file my_file39.cif (mmCIF, C-alpha atoms)
data_final
#
loop_
_atom_site.label_atom_id
_atom_site.label_comp_id
_atom_site.auth_asym_id
_atom_site.auth_seq_id
_atom_site.Cartn_x
_atom_site.Cartn_y
_atom_site.Cartn_z
CA MET A 247 0.00 0.00 0.00
CA ARG A 248 2.91 2.37 0.66
CA TRP A 249 4.32 1.71 -2.82
CA TRP A 250 0.88 2.17 -4.35
CA SER A 251 0.46 5.50 -2.54
CA VAL A 252 3.86 6.75 -3.73
CA ALA A 253 3.02 5.69 -7.29
CA ASN A 254 -0.30 7.51 -7.14
CA LEU A 255 1.34 10.64 -5.76
CA VAL A 256 3.72 10.69 -8.71
CA SER A 257 0.90 9.98 -11.16
CA ASN A 258 -1.42 12.64 -9.72
CA ALA A 259 1.33 15.24 -9.85
CA GLY A 260 1.99 14.37 -13.50
CA THR A 261 -1.71 14.47 -14.37
CA TRP A 262 -2.21 17.91 -12.84
CA MET A 263 0.92 19.16 -14.58
CA GLN A 264 -0.59 18.10 -17.89
CA LEU A 265 -4.07 19.48 -17.13
CA THR A 266 -2.60 22.84 -16.15
CA VAL A 267 -0.44 23.02 -19.25
CA GLN A 268 -3.22 21.74 -21.52
CA ASN A 269 -5.41 24.74 -20.74
CA LEU A 270 -2.54 27.08 -21.56
CA LEU A 271 -1.80 25.14 -24.73
CA VAL A 272 -5.37 25.44 -25.99
CA LEU A 273 -5.28 29.18 -25.34
CA GLN A 274 -2.03 29.45 -27.31
CA ILE A 275 -3.45 27.51 -30.26
CA THR A 276 -6.90 29.13 -30.42
CA GLY A 277 -6.83 32.22 -28.20
CA SER A 278 -10.32 31.19 -27.05
CA ALA A 279 -11.42 30.53 -23.49
CA ALA A 280 -14.47 28.70 -24.86
CA ALA A 281 -12.17 26.27 -26.68
CA THR A 282 -10.39 25.59 -23.39
CA GLY A 283 -13.65 24.62 -21.77
CA LEU A 284 -14.52 22.51 -24.82
CA SER A 285 -11.30 20.51 -24.53
CA MET A 286 -12.09 19.72 -20.89
CA SER A 287 -15.63 18.67 -21.80
CA VAL A 288 -14.40 16.44 -24.63
CA GLN A 289 -12.11 14.62 -22.18
CA ALA A 290 -14.89 14.22 -19.62
CA ALA A 291 -17.72 13.36 -22.04
CA PRO A 292 -16.81 9.66 -22.63
CA ALA A 293 -17.48 8.98 -18.95
CA LEU A 294 -21.12 9.96 -19.48
CA LEU A 295 -21.83 6.98 -21.75
CA MET A 296 -18.93 4.60 -21.24
CA SER A 297 -18.36 4.55 -17.46
CA VAL A 298 -20.91 1.78 -16.95
CA LEU A 299 -19.13 -0.31 -19.60
CA GLY A 300 -15.76 0.43 -18.04
CA GLY A 301 -17.03 -0.66 -14.63
CA ALA A 302 -18.29 -3.94 -16.09
CA ALA A 303 -14.86 -4.51 -17.65
CA VAL A 304 -13.20 -3.98 -14.26
CA ASP A 305 -15.48 -6.60 -12.68
CA ARG A 306 -14.77 -9.07 -15.48
CA TRP A 307 -11.00 -8.69 -16.01
CA PRO A 308 -8.10 -9.20 -13.55
CA ARG A 309 -7.79 -5.91 -11.70
CA ARG A 310 -4.01 -5.56 -11.64
CA LEU A 311 -3.74 -6.34 -15.35
CA THR A 312 -6.53 -3.91 -16.17
CA ALA A 313 -4.89 -1.10 -14.18
CA ALA A 314 -1.45 -1.79 -15.67
CA VAL A 315 -2.76 -1.77 -19.26
CA GLY A 316 -4.77 1.39 -18.59
CA GLN A 317 -1.75 3.21 -17.18
CA ALA A 318 0.43 2.08 -20.11
CA LEU A 319 -2.14 3.37 -22.63
CA LEU A 320 -2.38 6.72 -20.83
CA ALA A 321 1.43 6.93 -20.92
CA ALA A 322 1.39 6.30 -24.68
CA ILE A 323 -1.20 9.04 -25.22
CA ALA A 324 0.77 11.55 -23.12
CA PHE A 325 4.00 10.64 -24.92
CA THR A 326 2.34 11.08 -28.33
CA THR A 327 1.03 14.50 -27.31
CA ALA A 328 4.48 15.50 -26.02
CA VAL A 329 6.12 14.57 -29.33
CA LEU A 330 3.52 16.52 -31.34
CA VAL A 331 4.00 19.57 -29.12
CA ALA A 332 7.80 19.33 -29.35
CA LEU A 333 7.61 19.13 -33.16
CA ASP A 334 5.01 21.94 -33.28
CA ARG A 335 2.58 19.61 -35.07
CA LEU A 336 -0.27 19.68 -32.55
CA ASP A 337 -3.43 21.37 -33.81
CA MET A 338 -6.82 21.68 -32.19
CA THR A 339 -8.26 18.63 -33.95
CA SER A 340 -5.41 16.38 -32.82
CA LEU A 341 -5.67 17.70 -29.26
CA MET A 342 -9.42 17.01 -29.14
CA VAL A 343 -8.95 13.46 -30.46
CA LEU A 344 -6.22 12.74 -27.91
CA ALA A 345 -8.36 14.21 -25.12
CA ALA A 346 -11.31 12.03 -26.15
CA VAL A 347 -9.16 8.87 -26.24
CA THR A 348 -7.78 9.76 -22.81
CA GLY A 349 -11.32 10.04 -21.49
CA MET A 350 -12.27 6.65 -22.93
CA VAL A 351 -9.28 4.89 -21.39
CA ALA A 352 -9.98 6.60 -18.05
CA THR A 353 -13.46 5.05 -17.88
CA VAL A 354 -11.75 1.70 -17.29
CA ASP A 355 -8.55 2.84 -15.63
CA ASN A 356 -10.12 5.01 -12.91
CA PRO A 357 -12.32 2.34 -11.25
CA ALA A 358 -9.60 -0.29 -11.69
CA CYS A 359 -7.01 1.84 -9.86
CA ALA A 360 -9.50 2.91 -7.17
CA LEU A 361 -10.45 -0.67 -6.33
CA LEU A 362 -6.90 -1.99 -6.66
CA GLY A 363 -5.84 0.12 -3.68
CA ASN A 364 -8.68 -1.34 -1.60
CA ASP A 365 -7.56 -4.87 -2.52
CA LEU A 366 -4.19 -4.30 -0.84
CA VAL A 367 -5.39 -3.77 2.74
CA PRO A 368 -7.51 -5.73 5.24
CA ALA A 369 -11.24 -5.17 4.84
CA GLU A 370 -11.52 -3.14 8.06
CA ASP A 371 -8.85 -0.73 6.80
CA VAL A 372 -10.52 0.08 3.46
CA PRO A 373 -12.03 3.41 4.70
CA SER A 374 -8.57 4.46 5.89
CA ALA A 375 -7.05 3.43 2.55
CA ILE A 376 -9.60 5.61 0.76
CA GLY A 377 -8.68 8.51 3.05
CA VAL A 378 -5.00 8.00 2.23
CA GLY A 379 -5.95 8.05 -1.46
CA ALA A 380 -7.74 11.38 -0.99
CA LEU A 381 -4.67 12.78 0.79
CA VAL A 382 -2.43 11.62 -2.05
CA PHE A 383 -4.79 13.16 -4.62
CA ASN A 384 -4.79 16.58 -2.94
CA ALA A 385 -1.03 16.55 -2.41
CA GLY A 386 -0.46 15.54 -6.04
CA ARG A 387 -2.78 18.29 -7.22
CA LEU A 388 -0.84 20.92 -5.29
CA ALA A 389 2.53 19.58 -6.44
CA GLY A 390 1.44 19.21 -10.06
CA ALA A 391 0.06 22.73 -10.36
CA ALA A 392 3.26 24.16 -8.84
CA LEU A 393 5.57 22.03 -10.98
CA ALA A 394 3.71 22.91 -14.17
CA GLY A 395 4.79 26.54 -14.03
CA VAL A 396 8.41 25.68 -13.27
CA THR A 397 8.56 22.99 -15.95
CA VAL A 398 7.07 25.15 -18.69
CA GLY A 399 9.29 28.08 -17.73
CA PHE A 400 12.54 26.13 -17.93
CA LEU A 401 11.88 23.20 -20.29
CA GLY A 402 8.88 24.14 -22.41
CA THR A 403 5.31 22.91 -22.75
CA SER A 404 6.15 19.46 -24.09
CA ALA A 405 8.16 18.65 -20.95
CA ALA A 406 4.97 18.54 -18.87
CA TYR A 407 3.52 15.89 -21.19
CA PHE A 408 6.76 13.88 -21.13
CA ALA A 409 6.72 14.07 -17.32
CA ASN A 410 3.12 12.84 -17.19
CA ALA A 411 3.97 9.94 -19.52
CA GLY A 412 6.82 9.00 -17.19
CA SER A 413 4.52 9.12 -14.17
CA PHE A 414 2.11 6.65 -15.80
CA LEU A 415 5.00 4.32 -16.64
CA PHE A 416 6.14 4.45 -13.01
CA VAL A 417 2.70 3.26 -11.87
CA THR A 418 2.74 0.53 -14.53
CA ALA A 419 6.11 -0.68 -13.25
CA VAL A 420 4.93 -0.78 -9.61
CA ILE A 421 1.68 -2.72 -10.18
CA PRO A 422 3.22 -6.20 -10.81
CA PHE A 423 4.95 -6.07 -7.41
CA LEU A 424 1.84 -5.23 -5.38
CA ARG A 425 0.68 -7.94 -2.99
CA PRO A 426 -2.52 -7.83 -0.91
CA ALA A 427 -2.21 -7.82 2.87
CA ALA A 428 -3.58 -10.63 5.00
CA GLY A 429 -7.33 -10.25 5.35
CA ALA A 430 -7.73 -8.19 2.19
CA VAL A 431 -11.01 -8.56 0.33
CA ARG A 432 -10.77 -11.09 -2.48
CA ARG A 433 -13.25 -11.33 -5.30
CA ALA A 434 -14.82 -14.73 -5.31
CA ALA A 435 -14.78 -16.46 -8.67
CA PRO A 436 -18.34 -17.69 -9.22
CA ASP A 437 -19.34 -21.00 -10.74
CA GLY A 438 -16.26 -22.92 -9.78
CA GLY A 439 -13.80 -20.30 -10.95
CA ARG A 440 -15.24 -19.85 -14.47
CA PRO A 441 -16.13 -16.28 -15.54
CA ARG A 442 -19.81 -15.76 -15.09
CA PRO A 443 -21.68 -14.80 -18.28
CA ASP A 444 -24.06 -12.38 -16.51
CA LEU A 445 -21.43 -9.83 -15.48
CA THR A 446 -23.58 -7.29 -17.27
CA VAL A 447 -24.10 -3.57 -17.03
CA ARG A 448 -27.76 -4.20 -16.24
CA GLU A 449 -26.86 -6.05 -13.05
CA GLY A 450 -24.87 -3.08 -11.79
CA LEU A 451 -27.63 -0.61 -12.69
CA ALA A 452 -30.25 -2.78 -10.98
CA PHE A 453 -28.19 -3.08 -7.81
CA PHE A 454 -27.63 0.68 -7.66
CA ALA A 455 -31.32 1.42 -8.23
CA ARG A 456 -32.38 -1.00 -5.47
CA ARG A 457 -30.03 0.39 -2.81
CA PRO A 458 -31.62 3.30 -0.89
CA ARG A 459 -28.22 4.13 0.67
CA LEU A 460 -26.62 4.62 -2.73
CA LEU A 461 -29.59 6.62 -4.05
CA ALA A 462 -29.45 8.86 -0.98
CA LEU A 463 -25.70 9.28 -1.42
CA ALA A 464 -26.26 10.22 -5.07
CA GLY A 465 -28.86 12.80 -4.04
CA VAL A 466 -26.65 14.42 -1.39
CA THR A 467 -23.62 14.49 -3.66
CA GLY A 468 -25.60 15.76 -6.64
CA VAL A 469 -27.23 18.71 -4.91
CA SER A 470 -23.88 19.61 -3.31
CA ALA A 471 -22.08 19.42 -6.66
CA VAL A 472 -24.59 21.66 -8.45
CA PHE A 473 -25.22 24.32 -5.81
CA GLY A 474 -21.88 24.32 -4.00
CA ARG A 475 -18.28 23.16 -4.15
CA ASN A 476 -17.45 24.97 -7.39
CA TYR A 477 -15.49 27.41 -5.27
CA GLY A 478 -12.99 28.10 -8.01
CA LEU A 479 -15.86 29.86 -9.78
CA THR A 480 -17.99 31.38 -7.01
CA LEU A 481 -15.20 32.52 -4.71
CA ALA A 482 -13.20 33.95 -7.62
CA VAL A 483 -16.13 36.21 -8.55
CA LEU A 484 -16.80 37.07 -4.89
CA VAL A 485 -13.18 37.99 -4.14
CA THR A 486 -12.58 40.04 -7.28
CA GLY A 487 -16.05 41.62 -7.21
CA PRO A 488 -17.86 42.55 -3.96
CA LEU A 489 -14.76 42.07 -1.77
CA ALA A 490 -12.59 44.17 -4.14
CA GLY A 491 -9.64 41.79 -3.97
CA GLY A 492 -7.19 40.88 -6.69
CA ALA A 493 -5.60 37.82 -8.18
CA GLY A 494 -3.23 37.59 -5.21
CA THR A 495 -6.10 37.48 -2.74
CA PHE A 496 -7.83 34.74 -4.71
CA GLY A 497 -4.53 32.86 -4.85
CA THR A 498 -4.44 32.95 -1.06
CA VAL A 499 -8.03 31.70 -0.89
CA SER A 500 -7.16 28.86 -3.28
CA THR A 501 -4.15 27.90 -1.18
CA VAL A 502 -6.27 27.79 1.99
CA LEU A 503 -8.81 25.62 0.15
CA ALA A 504 -6.04 23.21 -0.85
CA VAL A 505 -4.63 23.06 2.68
CA GLY A 506 -8.11 22.41 4.05
CA GLY A 507 -8.55 19.60 1.55
CA ILE A 508 -5.36 17.94 2.78
CA LEU A 509 -6.37 18.34 6.44
CA GLY A 510 -9.77 16.88 5.66
CA ALA A 511 -8.19 13.92 3.89
CA VAL A 512 -6.04 13.25 6.97
CA LEU A 513 -9.15 13.30 9.17
CA GLY A 514 -11.06 11.20 6.65
CA ALA A 515 -8.36 8.54 6.79
CA ARG A 516 -9.27 7.99 10.46
CA LEU A 517 -12.87 7.06 9.65
CA ARG A 518 -13.70 3.48 10.55
CA ARG A 519 -17.42 3.25 9.79
CA PRO A 520 -18.48 5.99 7.36
CA SER A 521 -22.19 6.27 6.59
CA VAL A 522 -24.54 8.19 4.34
CA ARG A 523 -25.90 9.97 7.43
CA LEU A 524 -22.39 11.25 8.18
CA VAL A 525 -21.96 12.37 4.56
CA GLY A 526 -25.25 14.26 4.73
CA ALA A 527 -24.44 15.91 8.07
CA LEU A 528 -21.05 17.07 6.80
CA ALA A 529 -22.51 18.31 3.52
CA ALA A 530 -25.17 20.31 5.39
CA THR A 531 -22.51 21.79 7.68
CA GLY A 532 -20.44 22.78 4.65
CA ALA A 533 -23.53 24.36 3.09
CA LEU A 534 -24.15 26.52 6.15
CA LEU A 535 -20.51 27.59 6.12
CA GLN A 536 -21.01 28.48 2.45
CA VAL A 537 -23.94 30.70 3.42
CA ALA A 538 -21.72 32.45 5.97
CA ALA A 539 -18.99 32.84 3.34
CA GLY A 540 -21.49 34.51 1.03
CA MET A 541 -22.17 37.11 3.72
CA SER A 542 -18.47 37.78 4.45
CA PRO A 543 -17.84 41.51 4.88
CA SER A 544 -14.13 41.21 4.03
CA SER A 545 -11.50 38.91 2.58
CA ALA A 546 -10.11 38.26 6.07
CA VAL A 547 -13.44 36.89 7.28
CA LEU A 548 -13.73 34.81 4.12
CA LEU A 549 -10.31 33.24 4.74
CA VAL A 550 -11.42 32.24 8.25
CA LEU A 551 -14.46 30.45 6.80
CA VAL A 552 -12.74 28.88 3.79
CA LEU A 553 -10.55 26.52 5.82
CA PRO A 554 -13.39 24.70 7.67
CA MET A 555 -15.41 24.67 4.43
CA ALA A 556 -12.61 22.77 2.68
CA VAL A 557 -12.03 20.43 5.63
CA VAL A 558 -15.72 19.49 5.89
CA GLU A 559 -15.99 18.99 2.12
CA SER A 560 -12.92 16.75 2.05
CA VAL A 561 -14.07 14.56 4.95
CA SER A 562 -17.54 14.30 3.40
CA ASP A 563 -16.07 13.25 0.04
CA THR A 564 -13.86 10.64 1.70
CA ALA A 565 -16.77 9.21 3.68
CA GLY A 566 -18.96 9.10 0.57
CA THR A 567 -16.28 7.34 -1.45
CA ALA A 568 -15.83 4.79 1.33
CA VAL A 569 -19.57 4.03 1.36
CA LEU A 570 -19.63 3.77 -2.43
CA GLN A 571 -16.71 1.35 -2.58
CA THR A 572 -17.62 -0.85 0.39
CA ASP A 573 -21.43 -1.07 0.27
CA PRO A 574 -21.70 -3.25 -2.87
CA PRO A 575 -20.46 -6.86 -2.84
CA ALA A 576 -16.94 -7.25 -4.23
CA ARG A 577 -18.10 -8.71 -7.54
CA LEU A 578 -20.26 -5.64 -8.29
CA ARG A 579 -18.02 -2.80 -7.18
CA GLY A 580 -16.60 -2.02 -10.60
CA ARG A 581 -20.04 -1.65 -12.13
CA VAL A 582 -21.32 0.44 -9.23
CA LEU A 583 -18.33 2.76 -9.68
CA GLY A 584 -19.14 2.84 -13.40
CA VAL A 585 -22.72 3.94 -12.71
CA TRP A 586 -21.38 6.55 -10.29
CA GLY A 587 -18.94 7.80 -12.93
CA SER A 588 -21.77 8.42 -15.39
CA ILE A 589 -23.85 10.22 -12.75
CA GLY A 590 -20.86 12.29 -11.63
CA THR A 591 -20.18 13.36 -15.22
CA VAL A 592 -23.70 14.79 -15.45
CA TRP A 593 -23.01 16.88 -12.35
CA GLY A 594 -19.58 17.87 -13.62
CA LEU A 595 -20.86 19.03 -17.00
CA GLY A 596 -24.11 20.59 -15.81
CA GLY A 597 -23.11 22.08 -12.45
CA PRO A 598 -20.84 24.96 -13.54
CA PRO A 599 -23.24 26.35 -16.20
CA ALA A 600 -26.16 26.15 -13.75
CA LEU A 601 -24.12 27.89 -11.07
CA GLY A 602 -22.96 30.49 -13.57
CA LEU A 603 -26.58 31.24 -14.45
CA LEU A 604 -27.44 31.54 -10.76
CA MET A 605 -24.61 34.04 -10.32
CA GLU A 606 -25.89 36.03 -13.28
CA LEU A 607 -29.31 36.24 -11.65
CA ALA A 608 -28.36 36.62 -7.97
CA GLY A 609 -24.72 37.74 -7.97
CA PRO A 610 -21.86 35.88 -6.25
CA ARG A 611 -23.18 36.50 -2.74
CA GLY A 612 -26.69 35.46 -3.69
CA ALA A 613 -25.40 32.34 -5.45
CA LEU A 614 -23.40 31.22 -2.41
CA ILE A 615 -26.24 31.95 0.03
CA THR A 616 -29.00 30.49 -2.13
CA GLY A 617 -26.95 27.44 -3.03
CA GLY A 618 -26.04 26.76 0.59
CA LEU A 619 -29.66 27.05 1.72
CA VAL A 620 -30.81 24.73 -1.08
CA ILE A 621 -28.22 22.11 -0.08
CA ALA A 622 -28.97 22.29 3.65
CA GLY A 623 -32.74 22.39 3.08
CA SER A 624 -32.67 19.40 0.69
CA ILE A 625 -30.63 17.30 3.09
CA ALA A 626 -32.88 18.24 6.04
CA ALA A 627 -36.00 17.39 4.03
CA GLY A 628 -34.54 14.05 2.98
CA HIS A 629 -33.63 13.22 6.57
CA LEU A 630 -37.13 14.07 7.83
CA LEU A 631 -38.73 12.02 5.07
CA HIS A 632 -36.50 9.05 5.86
CA ALA A 633 -37.21 9.37 9.59
CA ARG A 634 -40.97 9.46 8.96
CA ARG A 635 -40.87 6.39 6.73
CA THR A 636 -38.76 4.31 9.14
CA SER A 637 -40.58 5.33 12.32
CA ALA A 638 -44.17 4.85 11.13
CA PRO A 639 -46.01 2.38 13.43
CA LEU A 640 -46.72 -0.99 11.87
CA PRO A 641 -50.09 -2.63 12.68
CA HIS A 642 -49.68 -6.26 13.74
CA ARG A 643 -52.73 -8.51 13.74
CA THR A 644 -53.16 -10.83 16.73
CA GLU A 645 -55.95 -13.27 17.44
CA ARG A 646 -58.11 -10.56 19.09
CA THR A 647 -57.16 -7.16 17.65
CA ASP A 648 -54.52 -5.03 15.97
CA VAL A 649 -51.67 -3.65 18.04
CA THR A 650 -49.05 -1.09 17.10
CA GLY A 651 -45.74 -2.65 16.19
CA ARG A 652 -42.96 -2.30 18.69
CA ALA A 653 -39.45 -0.97 17.94
CA ALA A 654 -38.09 -4.47 17.30
CA LEU A 655 -40.88 -5.18 14.85
CA GLU A 656 -40.28 -1.85 13.08
CA ALA A 657 -36.59 -2.66 12.71
CA ALA A 658 -37.38 -6.11 11.33
CA ALA A 659 -39.82 -4.59 8.83
#
call {"tool": "encode", "arguments": {"input": "my_file39.cif", "output": "structure tokens"}}
result
Amino acid sequence: MRWWSVANLVSNAGTWMQLTVQNLLVLQITGSAAATGLSMSVQAAPALLMSVLGGAAVDRWPRRLTAAVGQALLAAIAFTTAVLVALDRLDMTSLMVLAAVTGMVATVDNPACALLGNDLVPAEDVPSAIGVGALVFNAGRLAGAALAGVTVGFLGTSAAYFANAGSFLFVTAVIPFLRPAAGAVRRAAPDGGRPRPDLTVREGLAFFARRPRLLALAGVTGVSAVFGRNYGLTLAVLVTGPLAGGAGTFGTVSTVLAVGGILGAVLGARLRRPSVRLVGALAATGALLQVAAGMSPSSAVLLVLVLPMAVVESVSDTAGTAVLQTDPPARLRGRVLGVWGSIGTVWGLGGPPALGLLMELAGPRGALITGGLVIAGSIAAGHLLHARRTSAPLPHRTERTDVTGRAALEAAA
């Protein structure tokens, strides 16, 4: 698990280097901010339709082999892009094609790598392993964004792509040496070890649709993704607008957000029994902090609020990921992650435009306050509805008359 964490840190840093440079590259080629957003959408779009297929592939194929092949393909794509950039042969069409292929490979690689880390530790340590993964992700994001500027300044744009290709190859080289710890979850091979023919997408969709916990988790995460969390957009407009700050002030806010994310990941790694109720409580707390941030009279007050906002969001994300990856049986986890990937892509593509429209109508303060109240109100309403459904008395017919069901009977029902 330590080797896997180091490999992921290197890979995340390389990925964020490339993402940072890719946006600059699109601006250099086209001079259009809209084209930059289009390139990001093209890379994310395959997950909308193909994530469920990628999850089914992860459940069907050996996980280590799947992750290794996925990382090798991503390395080849990054290396190809680096060569085209170095030779000044990369145009917008080529970049879009490469971005789309990257997105398609990621629909298989992402769930395979996520579940591979869980396979390395005892079952009771899976929530902690997910927390460590979140910590590695945030640290890699910080390191990658910082290294991108240095790399481009000294070695040129293509160097970032070469570095990302090397990071994928490092992960590929580590995977064959990974061994699960004693007590790690093993996928049972059904039907005497033969691959089962019904490892279908439909089975994963049906399981997800029948699990109230997963549906509730999807609802909490969805409303939070649409009406909050896009702080790179809302806080940027708030800082540079009503609070009269500059780019430096927003840079400080972004740094505090990143630090809070790392602190939250450290706390999330200590979770032993995460639940949807905990995810909802944390999301509602973050929403109320968002409301307070929208009413901040100054940048100093905003900075005080930003840190707990980021911590709460990070712990909530870690707890939600732990529920998502541990609630389904081992043989279905790839497909459940595939379904989640498709749902998350809808939020990712639709959330920013919806939030941008809200800011146009209500301003940055109004968007933060309204969004926070919508999140907190939706979670509170869902909790009350769930409490009413589970606590309703159940009539039980005896030989003489009906009696109200007792607590034990309610729990059994």
call {"tool": "closest_atom_pairs", "arguments": {"input": "my_file39.cif", "of": "region 339-436 of chain A", "to": "region 266-277 of chain A", "cutoff": "7 Å", "atoms": "all atoms listed in the file", "output": "Markdown table"}}
result
| residue | atom | partner | partner_atom | distance |
| --- | --- | --- | --- | --- |
| A:Ala391 | CA | A:Thr266 | CA | 6.4 |
| A:Ala394 | CA | A:Val267 | CA | 6.6 |
| A:Thr403 | CA | A:Val267 | CA | 6.7 |
call {"tool": "closest_residue", "arguments": {"input": "my_file39.cif", "among": "A:Leu489, A:Ala568, A:Leu503, A:Val547", "to": "Val522 (chain A)", "atoms": "all atoms listed in the file"}}
result
A:Ala568
call {"tool": "resolve_selection", "arguments": {"input": "my_file39.cif", "expression": "the PyMOL selection byres ((chain A and resi 525) around 8)", "output": "list in words"}}
result
Leu463, Val466, Pro520, Ser521, Val522, Arg523, Leu524, Gly526, Ala527, Leu528, Ala529, Ser562, Asp563, Ala565 and Gly566 of chain A
call {"tool": "resolve_selection", "arguments": {"input": "my_file39.cif", "expression": "the PyMOL selection byres ((chain A and resi 425) around 9)", "output": "ChimeraX atom specification"}}
result
/A:247,365-366,421-424,426-427
call {"tool": "write_last_selection", "arguments": {"input": "my_file39.cif", "atoms": "C-alpha atoms", "output": "short mmCIF file (atom, residue, chain, number, x, y, z; two decimals), keeping the file's coordinate frame"}}
result
data_model
loop_
_atom_site.label_atom_id
_atom_site.label_comp_id
_atom_site.auth_asym_id
_atom_site.auth_seq_id
_atom_site.Cartn_x
_atom_site.Cartn_y
_atom_site.Cartn_z
CA MET A 247 0.00 0.00 0.00
CA ASP A 365 -7.56 -4.87 -2.52
CA LEU A 366 -4.19 -4.30 -0.84
CA ILE A 421 1.68 -2.72 -10.18
CA PRO A 422 3.22 -6.20 -10.81
CA PHE A 423 4.95 -6.07 -7.41
CA LEU A 424 1.84 -5.23 -5.38
CA PRO A 426 -2.52 -7.83 -0.91
CA ALA A 427 -2.21 -7.82 2.87
#
call {"tool": "closest_residue", "arguments": {"input": "my_file39.cif", "among": "A:Val472, A:Val585, A:Ala539, A:Ala546", "to": "Gly300 (chain A)", "atoms": "only C-alpha atoms"}}
result
A:Val585
call {"tool": "resolve_selection", "arguments": {"input": "my_file39.cif", "expression": "the PyMOL selection byres ((chain A and resi 371) around 12)", "output": "list in words"}}
result
Met247, Gly363, Asn364, Asp365, Leu366, Val367, Pro368, Ala369, Glu370, Val372, Pro373, Ser374, Ala375, Ile376, Gly377, Val378, Ala427, Ala428, Gly429, Ala430, Val431, Ala515, Arg516, Leu517, Arg518, Arg519, Pro520, Ala568 and Thr572 of chain A
call {"tool": "closest_residue", "arguments": {"input": "my_file39.cif", "among": "A:Met342, A:Ala293, A:Leu393, A:Val354", "to": "Gly590 (chain A)", "atoms": "all atoms listed in the file"}}
result
A:Ala293
call {"tool": "closest_residue", "arguments": {"input": "my_file39.cif", "among": "A:Met541, A:Ile508, A:Ala455, A:Val315", "to": "Gly609 (chain A)", "atoms": "only C-alpha atoms"}}
result
A:Met541
call {"tool": "residues_around", "arguments": {"input": "my_file39.cif", "residues": "Gly612 (chain A)", "least_positions_apart": "3", "cutoff": "12 Å", "atoms": "all atoms listed in the file", "output": "compact mmCIF listing (two decimals) with C-alpha atoms, in the frame of the given file"}}
result
# COMPACT_ATOMS: atom_id res chain seq x y z
CA PHE A 473 -25.22 24.32 -5.81
CA THR A 480 -17.99 31.38 -7.01
CA LEU A 481 -15.20 32.52 -4.71
CA VAL A 483 -16.13 36.21 -8.55
CA LEU A 484 -16.80 37.07 -4.89
CA PRO A 488 -17.86 42.55 -3.96
CA GLN A 536 -21.01 28.48 2.45
CA VAL A 537 -23.94 30.70 3.42
CA ALA A 538 -21.72 32.45 5.97
CA ALA A 539 -18.99 32.84 3.34
CA GLY A 540 -21.49 34.51 1.03
CA MET A 541 -22.17 37.11 3.72
CA SER A 542 -18.47 37.78 4.45
CA LEU A 601 -24.12 27.89 -11.07
CA GLY A 602 -22.96 30.49 -13.57
CA LEU A 603 -26.58 31.24 -14.45
CA LEU A 604 -27.44 31.54 -10.76
CA MET A 605 -24.61 34.04 -10.32
CA GLU A 606 -25.89 36.03 -13.28
CA LEU A 607 -29.31 36.24 -11.65
CA ALA A 608 -28.36 36.62 -7.97
CA GLY A 609 -24.72 37.74 -7.97
CA ILE A 615 -26.24 31.95 0.03
CA THR A 616 -29.00 30.49 -2.13
CA GLY A 617 -26.95 27.44 -3.03
CA GLY A 618 -26.04 26.76 0.59
CA LEU A 619 -29.66 27.05 1.72
CA VAL A 620 -30.81 24.73 -1.08
